[in-house]
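Asks: The following file, run06.pdb, comprises PDB, C-alpha atoms:
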ATOM      1  CA  MET A   1     -20.271   4.846   9.034
ATOM      2  CA  GLN A   2     -20.121   7.680   6.513
ATOM      3  CA  VAL A   3     -19.104   6.888   2.939
ATOM      4  CA  GLN A   4     -17.819   9.663   0.706
ATOM      5  CA  SER A   5     -16.228   9.893  -2.741
ATOM      6  CA  ILE A   6     -13.607  12.597  -3.298
ATOM      7  CA  GLN A   7     -11.862  13.498  -6.533
ATOM      8  CA  VAL A   8      -8.065  13.670  -6.361
ATOM      9  CA  THR A   9      -6.486  15.882  -9.003
ATOM     10  CA  VAL A  10      -2.768  16.278  -9.751
ATOM     11  CA  ASP A  11      -0.741  17.423 -12.725
ATOM     12  CA  GLY A  12      -0.253  15.002 -15.601
ATOM     13  CA  GLN A  13      -3.475  13.005 -15.313
ATOM     14  CA  LYS A  14      -4.506  11.791 -18.773
ATOM     15  CA  ALA A  15      -7.864  10.175 -18.016
ATOM     16  CA  GLY A  16      -9.497  12.360 -15.379
ATOM     17  CA  SER A  17      -9.105  12.512 -11.628
ATOM     18  CA  ALA A  18      -8.352   9.667  -9.269
ATOM     19  CA  GLU A  19     -11.044   8.730  -6.743
ATOM     20  CA  LEU A  20     -10.669   8.583  -2.976
ATOM     21  CA  CYS A  21     -13.403   6.481  -1.340
ATOM     22  CA  ALA A  22     -13.668   7.365   2.344
ATOM     23  CA  TYR A  23     -15.166   4.959   4.889
ATOM     24  CA  ILE A  24     -15.382   7.152   7.979
ATOM     25  CA  GLU A  25     -16.192   5.381  11.209
ATOM     26  CA  ASP A  26     -18.624   6.953  13.659
ATOM     27  CA  CYS A  27     -17.058   8.176  16.890
ATOM     28  CA  LEU A  28     -18.534   6.943  20.148
ATOM     29  CA  PHE A  29     -17.557   9.850  22.368
ATOM     30  CA  GLU A  30     -16.598  13.519  22.065
ATOM     31  CA  GLY A  31     -12.930  14.059  21.303
ATOM     32  CA  GLU A  32     -12.363  10.540  19.981
ATOM     33  CA  TYR A  33      -9.823  10.292  17.142
ATOM     34  CA  LYS A  34      -9.240   7.034  15.309
ATOM     35  CA  PRO A  35      -6.258   5.764  13.315
ATOM     36  CA  ALA A  36      -6.637   5.584   9.545
ATOM     37  CA  VAL A  37      -5.309   3.659   6.599
ATOM     38  CA  LEU A  38      -4.975   4.521   2.912
ATOM     39  CA  ILE A  39      -5.513   1.384   0.787
ATOM     40  CA  LEU A  40      -3.871   0.886  -2.608
ATOM     41  CA  GLY A  41      -5.069  -2.165  -4.545
ATOM     42  CA  GLY A  42      -3.079  -4.009  -7.179
ATOM     43  CA  GLY A  43      -3.547  -4.487 -10.895
ATOM     44  CA  ALA A  44      -0.059  -4.110 -12.433
ATOM     45  CA  TYR A  45      -0.668  -0.368 -12.974
ATOM     46  CA  ALA A  46      -3.071  -1.411 -15.771
ATOM     47  CA  ARG A  47      -6.294  -1.628 -13.761
ATOM     48  CA  TYR A  48      -7.487  -1.415 -10.175
ATOM     49  CA  SER A  49      -8.442  -4.593  -8.279
ATOM     50  CA  PRO A  50     -11.781  -4.166  -6.455
ATOM     51  CA  ARG A  51     -11.045  -7.278  -4.367
ATOM     52  CA  GLU A  52      -8.255  -5.290  -2.707
ATOM     53  CA  GLY A  53     -10.419  -2.222  -2.124
ATOM     54  CA  GLU A  54     -13.698  -2.224  -0.229
ATOM     55  CA  PRO A  55     -13.314  -5.712   1.352
ATOM     56  CA  VAL A  56      -9.993  -4.579   2.790
ATOM     57  CA  ALA A  57     -11.552  -1.303   3.971
ATOM     58  CA  MET A  58     -14.186  -3.278   5.883
ATOM     59  CA  MET A  59     -11.453  -5.355   7.531
ATOM     60  CA  TYR A  60      -9.702  -2.208   8.758
ATOM     61  CA  ALA A  61     -13.040  -0.736   9.863
ATOM     62  CA  SER A  62     -13.567  -3.836  12.014
ATOM     63  CA  LEU A  63     -10.323  -2.919  13.802
ATOM     64  CA  GLY A  64     -11.593   0.596  14.530
ATOM     65  CA  PHE A  65      -9.812   2.373  11.675
ATOM     66  CA  HIS A  66     -11.079   4.968   9.268
ATOM     67  CA  ALA A  67     -10.354   3.493   5.832
ATOM     68  CA  PHE A  68      -9.655   5.293   2.561
ATOM     69  CA  VAL A  69      -9.424   3.478  -0.761
ATOM     70  CA  LEU A  70      -7.523   5.362  -3.466
ATOM     71  CA  LYS A  71      -8.460   4.294  -6.990
ATOM     72  CA  TYR A  72      -5.277   5.766  -8.398
ATOM     73  CA  SER A  73      -4.547   6.480 -12.050
ATOM     74  CA  VAL A  74      -3.314   3.604 -14.212
ATOM     75  CA  VAL A  75      -2.555   3.382 -17.947
ATOM     76  CA  PRO A  76      -2.423   5.602 -19.970
ATOM     77  CA  ASN A  77      -1.052   7.550 -16.998
ATOM     78  CA  VAL A  78       2.645   7.109 -16.238
ATOM     79  CA  TYR A  79       5.049   7.684 -13.374
ATOM     80  CA  PRO A  80       4.933   9.797 -11.214
ATOM     81  CA  VAL A  81       1.186  10.557 -11.509
ATOM     82  CA  ALA A  82      -0.039   7.777  -9.187
ATOM     83  CA  MET A  83       2.667   8.534  -6.632
ATOM     84  CA  ASN A  84       1.634  12.192  -6.554
ATOM     85  CA  GLU A  85      -1.982  11.112  -6.088
ATOM     86  CA  VAL A  86      -0.971   9.190  -2.978
ATOM     87  CA  GLY A  87       0.624  12.319  -1.537
ATOM     88  CA  LYS A  88      -2.452  14.387  -2.405
ATOM     89  CA  ALA A  89      -4.787  11.795  -0.851
ATOM     90  CA  LEU A  90      -2.794  11.776   2.391
ATOM     91  CA  SER A  91      -2.873  15.578   2.467
ATOM     92  CA  ILE A  92      -6.659  15.554   1.986
ATOM     93  CA  ILE A  93      -7.066  13.123   4.885
ATOM     94  CA  ARG A  94      -4.874  15.270   7.112
ATOM     95  CA  GLU A  95      -6.703  18.455   6.102
ATOM     96  CA  HIS A  96      -9.987  16.859   7.196
ATOM     97  CA  SER A  97      -8.600  15.214  10.317
ATOM     98  CA  GLU A  98     -10.735  17.385  12.615
ATOM     99  CA  ASP A  99     -13.953  16.894  10.609
ATOM    100  CA  TRP A 100     -13.445  13.141  10.269
ATOM    101  CA  HIS A 101     -11.843  12.600  13.701
ATOM    102  CA  VAL A 102      -8.694  11.113  12.186
ATOM    103  CA  ASP A 103      -5.657  10.588  14.395
ATOM    104  CA  SER A 104      -3.244  11.925  11.788
ATOM    105  CA  GLU A 105      -0.215  10.669  13.751
ATOM    106  CA  HIS A 106      -1.435   7.128  13.066
ATOM    107  CA  LEU A 107      -2.084   7.214   9.327
ATOM    108  CA  PHE A 108      -0.878   4.039   7.583
ATOM    109  CA  ILE A 109      -0.639   2.929   3.938
ATOM    110  CA  SER A 110      -1.704  -0.576   2.926
ATOM    111  CA  GLY A 111      -0.640  -1.671  -0.570
ATOM    112  CA  PHE A 112      -1.219  -4.878  -2.528
ATOM    113  CA  SER A 113       1.022  -6.090  -5.370
ATOM    114  CA  SER A 114       1.619  -3.018  -7.584
ATOM    115  CA  GLY A 115      -0.173  -1.015  -4.897
ATOM    116  CA  GLY A 116       2.557  -2.176  -2.522
ATOM    117  CA  HIS A 117       5.114  -0.847  -4.968
ATOM    118  CA  LEU A 118       3.236   2.441  -5.073
ATOM    119  CA  ALA A 119       3.089   2.672  -1.271
ATOM    120  CA  LEU A 120       6.838   2.128  -0.864
ATOM    121  CA  CYS A 121       7.626   4.324  -3.865
ATOM    122  CA  TYR A 122       5.791   7.185  -2.162
ATOM    123  CA  ALA A 123       7.584   6.586   1.135
ATOM    124  CA  GLU A 124      11.008   6.548  -0.541
ATOM    125  CA  HIS A 125      10.591   9.359  -3.059
ATOM    126  CA  ARG A 126       8.166  11.766  -1.352
ATOM    127  CA  SER A 127       9.289  15.342  -0.812
ATOM    128  CA  SER A 128      10.060  16.613   2.675
ATOM    129  CA  GLU A 129       6.777  18.576   2.632
ATOM    130  CA  GLN A 130       4.631  15.487   2.015
ATOM    131  CA  PRO A 131       3.199  13.499   4.940
ATOM    132  CA  LYS A 132       5.189  10.550   6.269
ATOM    133  CA  PRO A 133       2.970   7.537   6.976
ATOM    134  CA  ALA A 134       3.059   5.889  10.393
ATOM    135  CA  GLY A 135       3.741   2.525   8.777
ATOM    136  CA  LEU A 136       3.479   0.512   5.578
ATOM    137  CA  ILE A 137       1.556  -2.730   5.126
ATOM    138  CA  LEU A 138       2.927  -4.389   1.986
ATOM    139  CA  SER A 139       1.078  -7.456   0.714
ATOM    140  CA  TYR A 140       2.888  -9.560  -1.930
ATOM    141  CA  PRO A 141       4.425  -6.337  -3.287
ATOM    142  CA  VAL A 142       6.114  -5.641  -6.599
ATOM    143  CA  ILE A 143       9.530  -4.285  -5.597
ATOM    144  CA  SER A 144      12.361  -4.884  -8.047
ATOM    145  CA  SER A 145      12.731  -3.926 -11.709
ATOM    146  CA  GLY A 146      15.718  -6.273 -12.028
ATOM    147  CA  GLU A 147      16.056 -10.016 -12.490
ATOM    148  CA  PHE A 148      12.947 -10.861 -10.456
ATOM    149  CA  SER A 149      10.727  -8.063 -11.717
ATOM    150  CA  HIS A 150       7.074  -8.300 -12.632
ATOM    151  CA  LYS A 151       7.779  -6.765 -16.029
ATOM    152  CA  PRO A 152       4.186  -5.802 -16.962
ATOM    153  CA  SER A 153       3.953  -3.529 -13.902
ATOM    154  CA  PHE A 154       6.988  -1.520 -14.979
ATOM    155  CA  GLU A 155       5.915  -1.455 -18.631
ATOM    156  CA  HIS A 156       2.533  -0.009 -17.656
ATOM    157  CA  LEU A 157       4.023   2.390 -15.108
ATOM    158  CA  LEU A 158       6.550   3.897 -17.515
ATOM    159  CA  GLY A 159       4.687   3.676 -20.814
ATOM    160  CA  THR A 160       6.571   4.667 -23.948
ATOM    161  CA  GLY A 161       8.398   7.701 -25.269
ATOM    162  CA  TRP A 162      11.498   7.571 -23.086
ATOM    163  CA  THR A 163      15.020   7.471 -24.440
ATOM    164  CA  ASP A 164      17.085   4.410 -23.536
ATOM    165  CA  SER A 165      19.054   6.375 -20.950
ATOM    166  CA  GLU A 166      15.893   7.882 -19.408
ATOM    167  CA  ARG A 167      14.253   4.483 -19.198
ATOM    168  CA  LYS A 168      17.337   2.954 -17.572
ATOM    169  CA  ARG A 169      17.431   5.761 -15.001
ATOM    170  CA  LEU A 170      13.738   5.397 -14.203
ATOM    171  CA  LEU A 171      13.910   1.631 -13.900
ATOM    172  CA  ASP A 172      16.704   2.049 -11.363
ATOM    173  CA  GLU A 173      14.703   4.700  -9.493
ATOM    174  CA  LEU A 174      11.705   2.364  -9.369
ATOM    175  CA  SER A 175      13.685  -0.700  -8.235
ATOM    176  CA  LEU A 176      12.798   0.086  -4.659
ATOM    177  CA  GLU A 177      15.105  -2.334  -2.854
ATOM    178  CA  ASN A 178      17.944  -0.015  -3.938
ATOM    179  CA  HIS A 179      16.510   3.182  -2.467
ATOM    180  CA  VAL A 180      15.457   2.394   1.092
ATOM    181  CA  ASP A 181      16.224   5.356   3.376
ATOM    182  CA  GLY A 182      15.926   4.622   7.082
ATOM    183  CA  LYS A 183      14.972   8.244   7.769
ATOM    184  CA  LYS A 184      12.115   8.287   5.244
ATOM    185  CA  VAL A 185      10.671   4.771   5.349
ATOM    186  CA  PRO A 186       8.475   4.011   8.411
ATOM    187  CA  PRO A 187       8.046   0.582  10.047
ATOM    188  CA  VAL A 188       6.939  -2.115   7.602
ATOM    189  CA  PHE A 189       4.648  -5.143   7.803
ATOM    190  CA  LEU A 190       5.527  -7.352   4.825
ATOM    191  CA  TRP A 191       3.976 -10.624   3.718
ATOM    192  CA  THR A 192       3.854 -12.882   0.686
ATOM    193  CA  THR A 193       3.747 -16.581  -0.229
ATOM    194  CA  TRP A 194       6.635 -18.841  -1.210
ATOM    195  CA  THR A 195       4.760 -20.147  -4.272
ATOM    196  CA  ASP A 196       3.597 -16.809  -5.735
ATOM    197  CA  GLN A 197       3.983 -17.334  -9.499
ATOM    198  CA  ILE A 198       3.257 -13.721 -10.509
ATOM    199  CA  VAL A 199       5.433 -11.626  -8.185
ATOM    200  CA  SER A 200       8.236 -13.885  -7.015
ATOM    201  CA  VAL A 201       9.139 -14.170  -3.344
ATOM    202  CA  GLU A 202      12.580 -12.685  -4.116
ATOM    203  CA  ASN A 203      10.922  -9.257  -4.222
ATOM    204  CA  ALA A 204      10.026  -9.501  -0.537
ATOM    205  CA  LEU A 205      13.348 -11.094   0.399
ATOM    206  CA  MET A 206      15.418  -8.375  -1.284
ATOM    207  CA  LEU A 207      13.298  -5.678   0.300
ATOM    208  CA  ALA A 208      13.594  -7.245   3.760
ATOM    209  CA  GLN A 209      17.383  -7.292   3.439
ATOM    210  CA  ALA A 210      17.430  -3.635   2.390
ATOM    211  CA  LEU A 211      15.134  -2.650   5.266
ATOM    212  CA  LYS A 212      17.405  -4.502   7.689
ATOM    213  CA  ARG A 213      20.506  -2.728   6.364
ATOM    214  CA  GLU A 214      18.822   0.665   6.799
ATOM    215  CA  GLY A 215      17.516  -0.080  10.288
ATOM    216  CA  VAL A 216      13.828   0.024   9.326
ATOM    217  CA  ASN A 217      11.847  -2.008  11.837
ATOM    218  CA  THR A 218      10.138  -4.761   9.833
ATOM    219  CA  GLU A 219       7.871  -7.740  10.402
ATOM    220  CA  LEU A 220       8.086 -10.331   7.611
ATOM    221  CA  HIS A 221       5.788 -13.305   6.995
ATOM    222  CA  ILE A 222       6.242 -15.771   4.132
ATOM    223  CA  PHE A 223       3.511 -18.397   3.890
ATOM    224  CA  ARG A 224       4.660 -21.704   2.458
ATOM    225  CA  LYS A 225       1.913 -21.801  -0.211
ATOM    226  CA  GLY A 226      -0.661 -19.620  -1.889
ATOM    227  CA  PRO A 227      -1.272 -17.875  -5.224
ATOM    228  CA  HIS A 228      -0.788 -14.208  -5.991
ATOM    229  CA  SER A 229      -3.456 -11.599  -5.273
ATOM    230  CA  LEU A 230      -5.033 -13.287  -2.249
ATOM    231  CA  SER A 231      -6.332 -10.053  -0.725
ATOM    232  CA  LEU A 232      -7.840 -11.111   2.635
ATOM    233  CA  ALA A 233      -7.748 -14.764   1.490
ATOM    234  CA  THR A 234     -11.417 -15.092   2.499
ATOM    235  CA  LYS A 235     -14.562 -16.058   0.621
ATOM    236  CA  TYR A 236     -15.724 -12.438   0.922
ATOM    237  CA  SER A 237     -12.648 -11.048  -0.836
ATOM    238  CA  SER A 238     -12.272 -13.888  -3.348
ATOM    239  CA  ALA A 239     -15.122 -12.699  -5.607
ATOM    240  CA  GLY A 240     -15.791 -16.281  -6.619
ATOM    241  CA  ALA A 241     -12.155 -17.207  -7.319
ATOM    242  CA  HIS A 242     -12.020 -20.304  -5.129
ATOM    243  CA  GLU A 243      -8.217 -20.522  -5.101
ATOM    244  CA  LYS A 244      -8.130 -17.114  -3.388
ATOM    245  CA  ASN A 245     -10.239 -18.330  -0.454
ATOM    246  CA  ASP A 246      -7.392 -19.856   1.550
ATOM    247  CA  SER A 247      -7.877 -20.558   5.253
ATOM    248  CA  TYR A 248      -4.146 -21.184   5.665
ATOM    249  CA  VAL A 249      -3.250 -17.600   4.708
ATOM    250  CA  GLN A 250      -6.218 -15.838   6.331
ATOM    251  CA  VAL A 251      -4.237 -15.531   9.550
ATOM    252  CA  TRP A 252      -2.234 -12.670   8.033
ATOM    253  CA  THR A 253      -4.869 -10.172   9.150
ATOM    254  CA  SER A 254      -4.596 -11.372  12.772
ATOM    255  CA  LEU A 255      -0.826 -10.964  12.609
ATOM    256  CA  LEU A 256      -1.359  -7.504  11.131
ATOM    257  CA  LYS A 257      -3.722  -6.509  13.940
ATOM    258  CA  ASN A 258      -1.055  -7.296  16.531
ATOM    259  CA  TRP A 259       1.551  -5.345  14.557
ATOM    260  CA  LEU A 260      -0.686  -2.306  14.028
ATOM    261  CA  PHE A 261      -1.560  -1.880  17.674
ATOM    262  CA  SER A 262       2.005  -2.459  18.777
ATOM    263  CA  ILE A 263       3.038   0.426  16.512
ATOM    264  CA  ILE A 264       0.212   2.615  17.783
ATOM    265  CA  ASP A 265       1.002   1.816  21.417
ATOM    266  CA  GLU A 266       4.690   2.647  20.908
ATOM    267  CA  LYS A 267       3.913   5.979  19.231
ATOM    268  CA  THR A 268       1.413   6.862  21.962
ATOM    269  CA  LEU A 269       3.888   6.351  24.817
TER     270      LEU A 269
END
Hey, can you dump this file as structure tokens for me?

Replies:
Amino acid sequence: MQVQSIQVTVDGQKAGSAELCAYIEDCLFEGEYKPAVLILGGGAYARYSPREGEPVAMMYASLGFHAFVLKYSVVPNVYPVAMNEVGKALSIIREHSEDWHVDSEHLFISGFSSGGHLALCYAEHRSSEQPKPAGLILSYPVISSGEFSHKPSFEHLLGTGWTDSERKRLLDELSLENHVDGKKVPPVFLWTTWTDQIVSVENALMLAQALKREGVNTELHIFRKGPHSLSLATKYSSAGAHEKNDSYVQVWTSLLKNWLFSIIDEKTL
């Protein structure tokens, strides 16, 4: 495996460039191209969760994926800086697809909590020139800015300085259940827990309904128990937080594996 760090620069960054950490799998034979995933950890747009970065990259590597972890810009940066960084990161991966042996037709985005919001935000609001991902993996995502919102995420994402009308418009734009477009949003793997006390299950339920209305093929899993921010739900990803080592929820990665390769097989036919 090769490990590289790449700076991602876009307009509006207030605290330097974002960082793209590339975990590039070795190829076993000439002409081999592997699928890839761009990983976006959570942190309420205030920080970046390392538990949802490298441990997740190693999980995808075990499935034969190239993995890229984007440490995107958080406060004091505001919308749409992080979203533009996602587009730039995907473009960088595609530009190096020959060097890194990336199958650019099978490039997924995997987002956790606020990173799930960022992944879907990119898919919904990207320009026609920006790459469309092959699929989205959304883990306990922040979705709605309405009644069931995780308010700190939207406060950090928008910052201050907006007029009341501008803020209202942006909050609507960022309430992603209201802006699903079946032509722009790829297939979705969505999971959360019923007892999540930070980002309520209603976020996933509202999104699933919107995806259904727009004809976006979706796989939804709601585990009956479990706290927020479980990452892989393993000892490795828990970083000593015992409540986040949950054998009941660990199965989500096995379910994901089946979903990923079903998508890849369909697109290969």

Asks: Might you spell out which residues the PyMOL selection byres ((chain A and resi 6) around 8) would select in the displayed file, as a list in words?

Replies: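 After applying the PyMOL selection byres ((chain A and resi 6) around 8), what remains is Gln4, Ser5, Gln7, Val8, Glu19, Leu20, Cys21 and Ala22 of chain A.
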
Asks: Given the choices A:Tyr79, A:Tyr140, A:Tyr33, A:Tyr248, which gets closest to Asp11 (chain A) if the distance is worked out from all atoms listed in the file?

Replies: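 Answer, going by the shortest atom-to-atom distance: A:Tyr79.
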
Asks: Quick check on the file I pasted: which residues fall under the PyMOL selection byres ((chain A and resi 180-184) around 12)? Write them as a PyMOL selection string.

Replies: chain A and resi 120-136+143+173-179+185-188+206-218

Asks: Given the file shown, enumerate the residues that the PyMOL selection byres ((chain A and resi 40) around 7) captures and present them as an MDAnalysis selection string.

Replies: chainID A and resid 38:39 41:42 69:70 110:112 115

Asks: For a test of reading the model, state the distance in Å between CA of Asn258 (chain A) and CA of Phe68 (chain A), rounded to one decimal.

Replies: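 We find that CA of Asn258 (chain A) and CA of Phe68 (chain A) lie 20.7 Å from each other.
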
Asks: Could you check the closest approach to Glu219 (chain A) for each of A:Ala57, A:Val102, A:Leu107, A:Ile137 and tell me which residue wins, using only C-alpha atoms?

Replies: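 Checking each of A:Ala57, A:Val102, A:Leu107, A:Ile137 against Glu219 (chain A), counting only C-alpha atoms, the winner is A:Ile137.
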
Asks: Counting all atoms listed in the file, what is within 9 Å of region 199-202 of chain A, bar same-chain residues fewer than 4 positions away, as a ChimeraX atom specification?

Replies: /A:113,140-144,148-150,192-195,206-207,222,228

Asks: Those selected residues, please, written with C-alpha atoms and delivered as a compact mmCIF listing (two decimals), in the coordinates of the input.

Replies:
# COMPACT_ATOMS: atom_id res chain seq x y z
CA SER A 113 1.02 -6.09 -5.37
CA TYR A 140 2.89 -9.56 -1.93
CA PRO A 141 4.42 -6.34 -3.29
CA VAL A 142 6.11 -5.64 -6.60
CA ILE A 143 9.53 -4.28 -5.60
CA SER A 144 12.36 -4.88 -8.05
CA PHE A 148 12.95 -10.86 -10.46
CA SER A 149 10.73 -8.06 -11.72
CA HIS A 150 7.07 -8.30 -12.63
CA THR A 192 3.85 -12.88 0.69
CA THR A 193 3.75 -16.58 -0.23
CA TRP A 194 6.64 -18.84 -1.21
CA THR A 195 4.76 -20.15 -4.27
CA MET A 206 15.42 -8.38 -1.28
CA LEU A 207 13.30 -5.68 0.30
CA ILE A 222 6.24 -15.77 4.13
CA HIS A 228 -0.79 -14.21 -5.99

Asks: Can you measure CA of Ala44 (chain A) to CA of Glu155 (chain A) for me? One decimal in Å is fine.

Replies: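 Distance reported for this atom pair: 9.0 Å.
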
Asks: With 5 Å on each side, where is the centre of the axis-aligned box around all listed atoms of region 245-263 of chain A, and how long are its edges in Å to one decimal, as AutoDock Vina command-line options?

Replies:
--center_x -3.6 --center_y -10.4 --center_z 9.2 --size_x 23.3 --size_y 31.6 --size_z 29.2

Asks: Take CA of Val10 (chain A) and CA of Met58 (chain A) and report the distance between them in Å, one decimal.

Replies: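 Result for CA of Val10 (chain A) versus CA of Met58 (chain A): 27.5 Å, one decimal.
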
Asks: Name the closest residue to Gln2 (chain A) among the candidates A:His66, A:Lys151, A:Lys34, A:His156; distances are taken between atoms, counting all atoms listed in the file.

Replies: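 Closest candidate: A:His66.
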